[in-house]
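Report on the structure given below.
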Amino acid sequence: MPLVNTKKMFENAYKGHYAIPAFNVDNVDIMKAVLRAAEKTQSPVIIAISSGALKFIGENYIRQVMDCAMKEVTVPVALHLDHGKDVALCKRCVDLGFTSVMIDASAYDFEENIRQTREVVEYAHAHGVSVESELGAIAGIEDEVVVDDKYGNFTHPADVIEFVEKTNIDSLAIAIGTAHGAYKFKPGQKPQLRFDILEEIEQKLPGFPLVLHGASSVPAASLKILNSYGGAMPEAIGIPEAMLLDASKHAVCKINVGTDIRVAYVGGLRKALVENPEKFDARVFINPAMDAVTALCEDKIRNVFNSAGHAND
Ligand SMILES: [Zn+2]
């Protein structure tokens with residue numbers, strides 16, 4: 001099955017009240033483990049590659065590897081650049097054969113964000129590639145939150161129509177309280193998503209696909225495995241899965257998960273290393289790590305994204 005862009009995926013997800021999982025993959029083994037979960041559950045899936053992962057896997061490998069993988073895959077898959085920090089990188093990924101790119105110019109002011117996003121859209125659309133852009137600040141725990149009104153640093157609903165119309169993007173990443181990384185909240189803090197803002201945005205852009213970043217839940221079970229076998233990750237508070245399930249029933253058509261995949265993979269590796277000290281065949285350690293990723297993705301597809309069985313929509 002050839003790679004696809006996200007257009008039809010998002011149309012179907014919007015209509016069907018589910019979300020397409022965007023799993024961040026750091027290497028080819030994780031990519032294979034994610035695709036296995038999508039195949040097993042018959043879910044469409046987005047393989048998200050950060051600029052760091054692109055460097056690690058190699059620009060000359062990525063499309064070839066995906067094409068090889070797709071010979072065995074029967075579900076729709078998009079190859080997506082996550083957080084393209086400049087126009088040149090986004091264009092290069094279009095040339096490499098990505099079917100979707102994200103331009104993240106959210107650190108610039110509104111006008112410059114529009115300008116850069118539009119430049120990427122013009123190039124990408126000419127090649128049949130979808131574009132996601134971000135409006136508002138998706139926080140990390142380090143970010144100082146300066147609240148000037150009820151929207152604070154979140155996406156201002158008043159901006160979204162102009163942004164989407166002027167850029168012609170295919171999906172919009174919004175900030176409503178999710179955050180990148182494992183440490184999204186301070187200890188004791190209660191995770192909250194601003195569903196009021198989500199609903200306002202949804203009303204302004206009926207039918208338009210929205211995207212949530214920083215949506216790992218950091219499951220306690222995964223963290224426990226990692227820490228029981230020599231890891232030392234402090235406890236973390238993620239986004240509760242019930243909130244994400246709620247969001248996927250709204251206009252949220254794509255939810256990004258990175259941290260949870262890393263924790264599952266490294267937990268699987270650590271466990272296998274500790275349990276097999278006499279072995280030196282790398283596959284003995286990598287296989288269970290891949291299995292942990294497949295199990296995690298399968299669980300999220302069925303219980304969080306609600307996308308299982310939607311491969312042929
Ligand atoms: Zn992100």
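Following the order of the structure tokens, chains are lettered A, B, ..., residues in each are numbered from 1, and ligands are numbered from 1.
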
Would you give me, as JSON lines, each residue of chain A having an atom within 7 Å of an atom of ligand 1, along with its shortest atom pair and that distance in Å to one decimal, using only C-alpha atoms and all ligand atoms and sorting by chain and residue number?
{"residue": "A:Asp82", "atom": "CA", "partner": "ligand 1", "partner_atom_place_in_ligand_line": "1 (Zn)", "distance": 6.7}
{"residue": "A:His83", "atom": "CA", "partner": "ligand 1", "partner_atom_place_in_ligand_line": "1 (Zn)", "distance": 6.2}
{"residue": "A:His180", "atom": "CA", "partner": "ligand 1", "partner_atom_place_in_ligand_line": "1 (Zn)", "distance": 6.2}
{"residue": "A:His213", "atom": "CA", "partner": "ligand 1", "partner_atom_place_in_ligand_line": "1 (Zn)", "distance": 4.4}
{"residue": "A:Gly214", "atom": "CA", "partner": "ligand 1", "partner_atom_place_in_ligand_line": "1 (Zn)", "distance": 5.5}
{"residue": "A:Asn256", "atom": "CA", "partner": "ligand 1", "partner_atom_place_in_ligand_line": "1 (Zn)", "distance": 6.9}

### Task
Find the residues around A:Ile62 up to 10 Å (only C-alpha atoms counted), leave out those fewer than 6 positions away in its own chain, and share them as a list in words.
Asn27, Val28, Ile49, Ala53, Leu54, Lys55, Phe56, Leu79, Cys93, Leu96, Gly97 and Phe98 of chain A

Filtering to C-alpha atoms, could you give me those residues as an mmCIF file, in the first residue's frame?
data_model
loop_
_atom_site.group_PDB
_atom_site.id
_atom_site.type_symbol
_atom_site.label_atom_id
_atom_site.label_comp_id
_atom_site.auth_asym_id
_atom_site.auth_seq_id
_atom_site.Cartn_x
_atom_site.Cartn_y
_atom_site.Cartn_z
ATOM 1 C CA ASN A 27 14.447 4.395 14.922
ATOM 2 C CA VAL A 28 13.409 1.772 12.384
ATOM 3 C CA ILE A 49 9.603 11.924 12.548
ATOM 4 C CA ALA A 53 14.929 11.313 14.465
ATOM 5 C CA LEU A 54 15.407 12.244 10.816
ATOM 6 C CA LYS A 55 19.094 12.851 11.479
ATOM 7 C CA PHE A 56 19.374 9.583 13.423
ATOM 8 C CA LEU A 79 4.941 9.838 6.835
ATOM 9 C CA CYS A 93 11.101 16.616 3.583
ATOM 10 C CA LEU A 96 12.364 13.278 0.395
ATOM 11 C CA GLY A 97 8.867 11.868 -0.007
ATOM 12 C CA PHE A 98 7.146 12.744 3.249
#

### Task
Among the residues of stretch 100-229 of chain A, find those DSSP assigns to strand (DSSP E or B) from the backbone and print them as a ChimeraX atom specification.
/A:100-103,130-135,139,171-174,179,210-212

### Task
Using only C-alpha atoms, pick whichever of A:Lys32, A:Ser222, A:Ser51, A:Thr6 has the shortest atom-to-atom distance to A:Val131.
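Under the stated criterion, the closest residue is A:Thr6.
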
### Residue nearest A:Met66 among A:Met102, A:Leu3, A:Val304, A:Met290 (counting only C-alpha atoms)
A:Leu3

### Message
Neighbouring residues of A:Asn306 were defined as those with any atom within 10 Å, considering only C-alpha atoms; residues of the same chain fewer than 3 positions away were excluded. Please report them as a ChimeraX atom specification.
### Response
/A:13,16-21,43,245,248-249,299-303,309-310

Only N, CA and C atoms, please: the residues just picked out, written as a CSV table (one decimal), in the first residue's frame.
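Contents of result39.csv, as written:
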chain,number,residue,atom,x,y,z
A,13,ALA,N,-11.8,10.8,10.2
A,13,ALA,CA,-11.7,10.9,11.7
A,13,ALA,C,-12.7,11.9,12.3
A,16,GLY,N,-16.1,10.4,11.9
A,16,GLY,CA,-16.3,9.2,12.8
A,16,GLY,C,-16.0,9.4,14.2
A,17,HIS,N,-15.7,10.7,14.6
A,17,HIS,CA,-15.4,11.0,16.0
A,17,HIS,C,-14.3,10.2,16.7
A,18,TYR,N,-13.3,10.0,15.9
A,18,TYR,CA,-12.1,9.3,16.5
A,18,TYR,C,-10.9,10.2,16.1
A,19,ALA,N,-9.7,9.8,16.5
A,19,ALA,CA,-8.5,10.5,16.2
A,19,ALA,C,-7.4,9.6,15.5
A,20,ILE,N,-6.6,10.2,14.6
A,20,ILE,CA,-5.6,9.4,14.0
A,20,ILE,C,-4.3,9.5,15.0
A,21,PRO,N,-3.8,8.3,15.4
A,21,PRO,CA,-2.6,8.3,16.2
A,21,PRO,C,-1.4,8.8,15.4
A,43,SER,N,-6.0,0.1,12.1
A,43,SER,CA,-6.1,1.5,12.3
A,43,SER,C,-5.2,2.3,11.3
A,245,LEU,N,-9.5,10.8,25.0
A,245,LEU,CA,-10.6,10.1,24.4
A,245,LEU,C,-11.7,11.2,24.1
A,248,SER,N,-10.8,13.4,21.3
A,248,SER,CA,-10.9,12.7,19.9
A,248,SER,C,-12.3,12.6,19.5
A,249,LYS,N,-13.3,12.8,20.4
A,249,LYS,CA,-14.7,12.8,20.0
A,249,LYS,C,-15.1,14.2,19.5
A,299,ASP,N,-2.9,-0.6,22.6
A,299,ASP,CA,-3.8,-0.2,23.7
A,299,ASP,C,-4.4,1.2,23.4
A,300,LYS,N,-3.5,2.1,23.0
A,300,LYS,CA,-3.9,3.5,22.8
A,300,LYS,C,-4.9,3.6,21.6
A,301,ILE,N,-4.6,2.8,20.5
A,301,ILE,CA,-5.4,2.8,19.3
A,301,ILE,C,-6.9,2.4,19.7
A,302,ARG,N,-6.9,1.3,20.6
A,302,ARG,CA,-8.2,0.8,20.9
A,302,ARG,C,-9.0,1.7,21.9
A,303,ASN,N,-8.2,2.2,22.9
A,303,ASN,CA,-8.9,2.8,24.1
A,303,ASN,C,-8.8,4.3,24.2
A,309,GLY,N,-10.1,-0.5,13.6
A,309,GLY,CA,-11.1,-0.9,12.6
A,309,GLY,C,-11.5,0.2,11.6
A,310,HIS,N,-10.8,1.3,11.6
A,310,HIS,CA,-11.1,2.4,10.7
A,310,HIS,C,-10.2,2.5,9.5

### Task
Write down as a PyMOL selection string the residues of stretch 26-89 of chain A whose backbone DSSP state falls under helix (DSSP H, G or I).
chain A and resi 28-41+51-57+59-70+87-89

### Query
What lies within 8 Å of A:Asn24 using only C-alpha atoms, ignoring chain neighbours under 6 positions off, as a PyMOL selection string?
chain A and resi 47-50+256-258+261

### Query
What lies within 7 Å of A:Cys90 using only C-alpha atoms, ignoring chain neighbours under 5 positions off, as an NGL selection string?
:A and (84 or 101 or 103 or 120)

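A straight line drawn from atom CA of A:Tyr151 to atom CA of A:Thr178 is 13.9 Å long.
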
### Query
Which polymer residues have any atom within 12 Å of an atom of A:Gly188, counting only C-alpha atoms, with same-chain residues fewer than 3 positions away left out, as a list in words?
Tyr183, Lys184, Phe185, Pro191, Glu235, Ala236, Ile237 and Gly238 of chain A

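Residues within 9 Å of A:Leu244, counting only C-alpha atoms and excluding same-chain residues fewer than 4 positions away, are Leu193, Leu212, Ala215, Ile239, Pro240, Ser248, Lys249, Ile255, Val304 and Phe305 of chain A.
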
### Query
Given the choices A:Ala33, A:Val160, A:Met233, A:Ile169, which gets closest to A:Ile201 if the distance is worked out from only C-alpha atoms?
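Closest to A:Ile201, using only C-alpha atoms: A:Val160.
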